[in-house]
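Trainee: Sharing upload17.cif below, mmCIF, C-alpha atoms:
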```cif
data_run
#
loop_
_atom_site.label_atom_id
_atom_site.label_comp_id
_atom_site.auth_asym_id
_atom_site.auth_seq_id
_atom_site.Cartn_x
_atom_site.Cartn_y
_atom_site.Cartn_z
CA MET R 1 -113.52 91.97 -8.29
CA SER R 2 -110.27 93.65 -7.24
CA ILE R 3 -109.88 96.58 -9.64
CA ARG R 4 -106.59 97.29 -7.88
CA HIS R 5 -105.08 93.95 -8.88
CA GLY R 6 -106.63 94.03 -12.34
CA LEU R 7 -104.93 97.35 -13.13
CA LEU R 8 -101.60 96.13 -11.74
CA ALA R 9 -101.82 93.05 -13.98
CA LEU R 10 -102.45 95.28 -17.00
CA LEU R 11 -99.53 97.56 -16.11
CA GLU R 12 -97.24 94.51 -16.21
CA ARG R 13 -97.50 94.90 -20.01
CA GLY R 14 -96.09 98.43 -19.96
CA PRO R 15 -96.94 102.00 -18.94
CA SER R 16 -100.46 103.18 -19.74
CA HIS R 17 -102.79 106.03 -18.83
CA GLY R 18 -106.26 105.61 -17.40
CA TYR R 19 -108.24 105.59 -20.66
CA GLN R 20 -105.94 102.93 -22.10
CA LEU R 21 -106.23 100.82 -18.95
CA ARG R 22 -110.03 100.99 -19.03
CA ALA R 23 -110.07 99.88 -22.69
CA GLN R 24 -107.56 97.07 -22.03
CA PHE R 25 -109.54 95.89 -19.01
CA ASP R 26 -112.80 95.77 -20.97
CA SER R 27 -111.06 93.99 -23.86
CA ALA R 28 -109.42 91.37 -21.61
CA THR R 29 -112.60 90.62 -19.65
CA GLY R 30 -115.26 90.96 -22.35
CA ALA R 31 -116.68 93.96 -20.41
CA THR R 32 -117.93 91.55 -17.73
CA TRP R 33 -117.19 94.24 -15.14
CA PRO R 34 -117.34 97.62 -16.96
CA LEU R 35 -115.15 100.32 -15.41
CA ASN R 36 -115.55 104.06 -15.66
CA VAL R 37 -112.43 106.14 -16.02
CA GLY R 38 -113.05 107.80 -12.64
CA GLN R 39 -112.72 104.39 -10.93
CA VAL R 40 -109.50 103.78 -12.82
CA TYR R 41 -107.84 107.07 -11.86
CA THR R 42 -109.04 106.84 -8.24
CA THR R 43 -107.50 103.36 -8.03
CA LEU R 44 -104.28 104.57 -9.69
CA ASP R 45 -104.01 107.36 -7.10
CA ARG R 46 -104.28 104.78 -4.31
CA LEU R 47 -101.78 102.46 -5.98
CA GLU R 48 -99.34 105.37 -6.30
CA ARG R 49 -99.88 106.28 -2.65
CA ASP R 50 -99.07 102.67 -1.70
CA GLY R 51 -95.91 102.60 -3.83
CA LEU R 52 -97.24 100.00 -6.28
CA VAL R 53 -97.22 102.29 -9.34
CA ALA R 54 -95.41 105.48 -10.27
CA GLN R 55 -96.10 108.23 -12.79
CA ASP R 56 -94.25 107.74 -16.05
CA GLY R 57 -95.25 110.74 -18.15
CA ALA R 58 -97.08 109.95 -21.37
CA PRO R 59 -96.91 106.36 -22.70
CA ASP R 60 -94.05 107.33 -25.05
CA GLY R 61 -92.25 109.39 -22.41
CA SER R 62 -93.43 112.76 -23.79
CA PRO R 63 -96.57 114.85 -23.29
CA ASP R 64 -99.46 113.22 -25.15
CA GLY R 65 -101.04 116.51 -26.10
CA GLU R 66 -104.04 115.94 -23.84
CA GLY R 67 -102.37 116.23 -20.46
CA ARG R 68 -102.83 112.55 -19.60
CA ILE R 69 -100.23 110.91 -17.40
CA ALA R 70 -99.18 107.30 -17.85
CA TYR R 71 -98.33 105.04 -14.94
CA ARG R 72 -95.80 102.23 -14.65
CA ILE R 73 -95.74 99.34 -12.19
CA THR R 74 -93.03 99.28 -9.51
CA ASP R 75 -91.16 96.28 -8.12
CA ALA R 76 -93.53 96.32 -5.14
CA GLY R 77 -96.46 96.30 -7.57
CA ARG R 78 -95.04 93.29 -9.41
CA ALA R 79 -94.70 91.45 -6.10
CA GLU R 80 -98.34 92.32 -5.30
CA VAL R 81 -99.51 90.91 -8.65
CA ARG R 82 -97.52 87.69 -8.12
CA THR R 83 -99.10 87.28 -4.70
CA TRP R 84 -102.58 87.86 -6.16
CA PHE R 85 -102.12 85.35 -8.97
CA GLY R 86 -100.70 82.85 -6.46
CA SER R 87 -103.64 83.09 -4.04
CA PRO R 88 -107.14 81.61 -4.41
CA VAL R 89 -110.19 83.85 -4.68
CA GLY R 90 -112.07 83.75 -1.39
CA SER R 91 -115.62 82.52 -2.01
CA ARG R 92 -116.98 84.58 0.89
CA ALA R 93 -114.91 87.73 0.40
CA ALA R 94 -115.46 88.53 -3.28
CA PRO R 95 -118.02 88.20 -6.06
CA ARG R 96 -117.84 84.93 -7.98
CA ASP R 97 -116.99 86.59 -11.29
CA GLU R 98 -113.60 87.69 -9.94
CA LEU R 99 -112.31 84.22 -10.76
CA ALA R 100 -113.33 84.42 -14.44
CA ILE R 101 -111.78 87.88 -14.76
CA LYS R 102 -108.63 86.72 -12.95
CA LEU R 103 -108.16 83.84 -15.38
CA ALA R 104 -108.84 86.11 -18.37
CA LEU R 105 -106.08 88.43 -17.16
CA ALA R 106 -103.74 85.53 -16.35
CA VAL R 107 -104.08 84.24 -19.93
CA THR R 108 -103.17 87.65 -21.34
CA THR R 109 -100.42 88.62 -18.86
CA PRO R 110 -96.90 87.56 -19.90
CA GLY R 111 -95.04 85.32 -17.48
CA VAL R 112 -98.08 84.02 -15.57
CA ASP R 113 -98.35 80.23 -15.21
CA VAL R 114 -102.06 79.92 -15.99
CA LEU R 115 -102.20 76.21 -15.15
CA ALA R 116 -100.73 76.95 -11.71
CA VAL R 117 -103.43 79.61 -11.16
CA VAL R 118 -106.09 77.03 -12.09
CA GLN R 119 -104.59 74.36 -9.83
CA THR R 120 -104.34 76.75 -6.87
CA GLN R 121 -108.00 77.67 -7.24
CA ARG R 122 -109.10 74.06 -7.72
CA SER R 123 -107.35 73.00 -4.48
CA ALA R 124 -109.05 75.80 -2.56
CA THR R 125 -112.48 75.02 -4.06
CA MET R 126 -112.07 71.30 -3.31
CA SER R 127 -111.32 72.15 0.34
CA THR R 128 -114.43 74.35 0.44
CA LEU R 129 -116.54 71.57 -1.09
CA GLN R 130 -115.31 69.04 1.48
CA GLU R 131 -116.11 71.40 4.34
CA LEU R 132 -119.60 72.11 2.95
CA THR R 133 -120.27 68.39 2.62
CA ARG R 134 -119.23 67.84 6.24
CA LEU R 135 -121.52 70.68 7.36
CA LYS R 136 -124.41 69.21 5.40
CA VAL R 137 -124.05 65.82 7.10
CA ARG R 138 -123.34 67.17 10.58
CA GLU R 139 -125.51 70.27 10.97
CA ALA R 140 -128.21 70.46 8.34
CA ALA R 141 -129.79 67.01 8.32
CA ASP R 142 -132.96 68.18 10.13
CA ASP R 143 -133.01 71.81 8.97
CA LEU R 144 -134.51 72.09 5.48
CA ALA R 145 -133.78 75.79 4.99
CA TRP R 146 -130.11 75.52 5.96
CA SER R 147 -129.80 72.32 3.96
CA LEU R 148 -131.08 74.07 0.82
CA VAL R 149 -128.56 76.90 1.31
CA LEU R 150 -125.77 74.37 1.69
CA ASP R 151 -127.01 72.53 -1.41
CA SER R 152 -126.67 75.78 -3.37
CA LEU R 153 -123.11 76.31 -2.13
CA VAL R 154 -122.19 72.69 -2.88
CA PHE R 155 -123.57 72.92 -6.43
CA ARG R 156 -121.69 76.16 -7.04
CA ALA R 157 -118.44 74.63 -5.81
CA GLU R 158 -118.96 71.53 -7.97
CA ALA R 159 -119.72 73.70 -11.00
CA GLU R 160 -116.61 75.78 -10.35
CA ILE R 161 -114.45 72.66 -10.25
CA ARG R 162 -115.94 71.45 -13.55
CA TRP R 163 -115.32 74.85 -15.09
CA LEU R 164 -111.71 74.88 -13.83
CA ASP R 165 -111.20 71.42 -15.38
CA HIS R 166 -112.57 72.83 -18.64
CA CYS R 167 -110.26 75.88 -18.42
CA GLU R 168 -107.24 73.66 -17.78
CA ALA R 169 -108.04 71.54 -20.83
CA ARG R 170 -108.53 74.63 -23.04
CA VAL R 171 -105.25 76.19 -21.89
CA ALA R 172 -103.38 72.90 -22.45
CA ARG R 173 -104.84 72.54 -25.96
CA ALA R 174 -103.94 76.13 -26.82
CA ALA R 175 -100.37 75.57 -25.61
CA ALA R 176 -100.09 72.39 -27.70
CA ARG R 177 -101.18 74.28 -30.84
CA ARG R 178 -98.58 77.04 -30.42
CA PRO R 179 -95.81 76.82 -33.03
CA THR R 180 -92.52 75.76 -31.54
CA VAL R 181 -89.30 77.46 -32.57
CA PRO R 182 -86.85 74.83 -33.85
CA PRO R 183 -83.55 74.77 -31.95
CA ALA R 184 -80.67 76.50 -33.69
CA ALA R 185 -78.53 74.12 -35.71
CA ALA R 186 -75.47 73.07 -33.83
CA THR R 187 -72.23 74.54 -35.16
CA PRO R 188 -70.10 71.66 -36.46
CA ALA R 189 -66.86 71.11 -34.62
CA PRO R 190 -63.74 71.93 -36.67
CA GLU R 191 -62.20 68.88 -38.28
CA ALA R 192 -58.93 67.67 -36.84
CA ALA R 193 -55.95 68.10 -39.15
CA PRO R 194 -54.60 64.87 -40.71
CA ALA R 195 -51.87 63.25 -38.67
CA GLY R 196 -49.25 63.87 -41.34
CA LYS R 197 -49.98 67.60 -41.53
CA ARG R 198 -49.79 68.35 -37.82
CA GLY R 199 -47.07 70.74 -36.86
CA ARG R 200 -43.87 69.11 -35.70
CA ARG R 201 -42.42 69.98 -32.33
#
```
Show how you would write the structure in this file as structure tokens.

Mentor:
Amino acid sequence: MSIRHGLLALLERGPSHGYQLRAQFDSATGATWPLNVGQVYTTLDRLERDGLVAQDGAPDGSPDGEGRIAYRITDAGRAEVRTWFGSPVGSRAAPRDELAIKLALAVTTPGVDVLAVVQTQRSATMSTLQELTRLKVREAADDLAWSLVLDSLVFRAEAEIRWLDHCEARVARAAARRPTVPPAAATPAPEAAPAGKRGRR
């Protein structure tokens, strides 16, 4: 899981200090990947060094009485988050639960097209599944051990696609249940004056 990107996604909501970010992260992800506050502040220091966040005083702009400093996301940080949400999770480069946490954060981060995140991941997982199937036919036909490993990877990819289909359906249903704001009533056009009462030239 990229703690770096998770914190940037949370800071999209507004300035926060480390203890708030840890609580928000645990709340958004169901504590799937518990963070300690030391990890949070170490990551914030690196994000500040890289120009992705900046210190913002206390959350309300004044000292919070406990000496804690809030951080705000920069334009470069927002671009980093957009790139992260727009890219698939690499199956070899990161733990599998990063995808679940990424979707949990996408659902709770304003302005993120969650269905686009799902579709991007599904395309990448489908490509992985096709490549694994080709490997199974071409290289593992006579090698039981390698074939079993490939079977495991194939089953995981298939399960991920089913789960992504499930997520897409849940997100679509939730969007359909949201109350819609009725359009503002159109202002009636002023009535034309009767022909006999029009000003004479």

Trainee: List the neighbours of R:Arg162 out to 12 Å using only C-alpha atoms; skip same-chain residues closer than 4 positions along the sequence, and give me the result as number ranges by chain.

Mentor: R: 118, 121-122, 125-126, 155-158, 166-169

Trainee: Given the selection you just returned, output its residues as a file containing C-alpha atoms, formatted as an mmCIF file, in the frame of the given file.

Mentor:
```
data_model
loop_
_atom_site.group_PDB
_atom_site.id
_atom_site.type_symbol
_atom_site.label_atom_id
_atom_site.label_comp_id
_atom_site.auth_asym_id
_atom_site.auth_seq_id
_atom_site.Cartn_x
_atom_site.Cartn_y
_atom_site.Cartn_z
ATOM 1 C CA VAL R 118 -106.090 77.030 -12.090
ATOM 2 C CA GLN R 121 -108.000 77.670 -7.240
ATOM 3 C CA ARG R 122 -109.100 74.060 -7.720
ATOM 4 C CA THR R 125 -112.480 75.020 -4.060
ATOM 5 C CA MET R 126 -112.070 71.300 -3.310
ATOM 6 C CA PHE R 155 -123.570 72.920 -6.430
ATOM 7 C CA ARG R 156 -121.690 76.160 -7.040
ATOM 8 C CA ALA R 157 -118.440 74.630 -5.810
ATOM 9 C CA GLU R 158 -118.960 71.530 -7.970
ATOM 10 C CA HIS R 166 -112.570 72.830 -18.640
ATOM 11 C CA CYS R 167 -110.260 75.880 -18.420
ATOM 12 C CA GLU R 168 -107.240 73.660 -17.780
ATOM 13 C CA ALA R 169 -108.040 71.540 -20.830
#
```

Trainee: Between R:Leu150, R:Leu144, R:Val53, R:Val81, single out the one closest to R:Gly6, counting all atoms listed in the file.

Mentor: R:Val81

Trainee: Restricting the calculation to only C-alpha atoms: of R:Arg134, R:Ile101, R:Leu164, R:Glu80, which residue gets closest to R:Thr120?

Mentor: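 The shortest atom-to-atom distance to R:Thr120 comes from R:Leu164.
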
Trainee: Measuring atom to atom with all atoms listed in the file, identify which of R:Ala175, R:Lys136, R:Glu98, R:Gly90 is nearest to R:Val114.

Mentor: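 Smallest distance to R:Val114 is found for R:Ala175.
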
Trainee: Set the distance at 12 Å and use all atoms listed in the file: which residues neighbour R:His5 once local chain neighbours fewer than 6 positions away are removed? I'd like the list as a list in words.

Mentor: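 These residues fall inside the cut-off: Leu11, Glu12, Phe25, Val40, Thr43, Leu44, Arg46, Leu47, Leu52, Val53, Ile73, Gly77, Arg78, Ala79, Glu80, Val81, Arg82, Thr83, Trp84, Phe85, Ser87, Glu98, Ile101, Lys102, Leu105 and Ala106 of chain R.
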
Trainee: Keeping C-alpha atoms, export the residues of the selection given above as an mmCIF file, in the coordinates of the input.

Mentor:
```
data_model
loop_
_atom_site.group_PDB
_atom_site.id
_atom_site.type_symbol
_atom_site.label_atom_id
_atom_site.label_comp_id
_atom_site.auth_asym_id
_atom_site.auth_seq_id
_atom_site.Cartn_x
_atom_site.Cartn_y
_atom_site.Cartn_z
ATOM 1 C CA LEU R 11 -99.530 97.560 -16.110
ATOM 2 C CA GLU R 12 -97.240 94.510 -16.210
ATOM 3 C CA PHE R 25 -109.540 95.890 -19.010
ATOM 4 C CA VAL R 40 -109.500 103.780 -12.820
ATOM 5 C CA THR R 43 -107.500 103.360 -8.030
ATOM 6 C CA LEU R 44 -104.280 104.570 -9.690
ATOM 7 C CA ARG R 46 -104.280 104.780 -4.310
ATOM 8 C CA LEU R 47 -101.780 102.460 -5.980
ATOM 9 C CA LEU R 52 -97.240 100.000 -6.280
ATOM 10 C CA VAL R 53 -97.220 102.290 -9.340
ATOM 11 C CA ILE R 73 -95.740 99.340 -12.190
ATOM 12 C CA GLY R 77 -96.460 96.300 -7.570
ATOM 13 C CA ARG R 78 -95.040 93.290 -9.410
ATOM 14 C CA ALA R 79 -94.700 91.450 -6.100
ATOM 15 C CA GLU R 80 -98.340 92.320 -5.300
ATOM 16 C CA VAL R 81 -99.510 90.910 -8.650
ATOM 17 C CA ARG R 82 -97.520 87.690 -8.120
ATOM 18 C CA THR R 83 -99.100 87.280 -4.700
ATOM 19 C CA TRP R 84 -102.580 87.860 -6.160
ATOM 20 C CA PHE R 85 -102.120 85.350 -8.970
ATOM 21 C CA SER R 87 -103.640 83.090 -4.040
ATOM 22 C CA GLU R 98 -113.600 87.690 -9.940
ATOM 23 C CA ILE R 101 -111.780 87.880 -14.760
ATOM 24 C CA LYS R 102 -108.630 86.720 -12.950
ATOM 25 C CA LEU R 105 -106.080 88.430 -17.160
ATOM 26 C CA ALA R 106 -103.740 85.530 -16.350
#
```

Trainee: How would you write, as a short mmCIF file (atom, residue, chain, number, x, y, z; two decimals) with C-alpha atoms, in the frame of the given file, the residues chosen by the PyMOL selection byres ((chain R and resi 14) around 9) on this structure?

Mentor:
```
data_model
loop_
_atom_site.label_atom_id
_atom_site.label_comp_id
_atom_site.auth_asym_id
_atom_site.auth_seq_id
_atom_site.Cartn_x
_atom_site.Cartn_y
_atom_site.Cartn_z
CA LEU R 10 -102.45 95.28 -17.00
CA LEU R 11 -99.53 97.56 -16.11
CA GLU R 12 -97.24 94.51 -16.21
CA ARG R 13 -97.50 94.90 -20.01
CA PRO R 15 -96.94 102.00 -18.94
CA SER R 16 -100.46 103.18 -19.74
CA PRO R 59 -96.91 106.36 -22.70
CA TYR R 71 -98.33 105.04 -14.94
CA ARG R 72 -95.80 102.23 -14.65
CA ILE R 73 -95.74 99.34 -12.19
#
```

Trainee: Could you give me the centre and size, in Å to one decimal, of an axis-aligned box around all listed atoms of stretch 147-150 of chain R with 8 Å added on every side, as JSON?

Mentor:
```
{"center_x": -128.4, "center_y": 74.6, "center_z": 2.4, "size_x": 21.3, "size_y": 20.6, "size_z": 19.1}
```
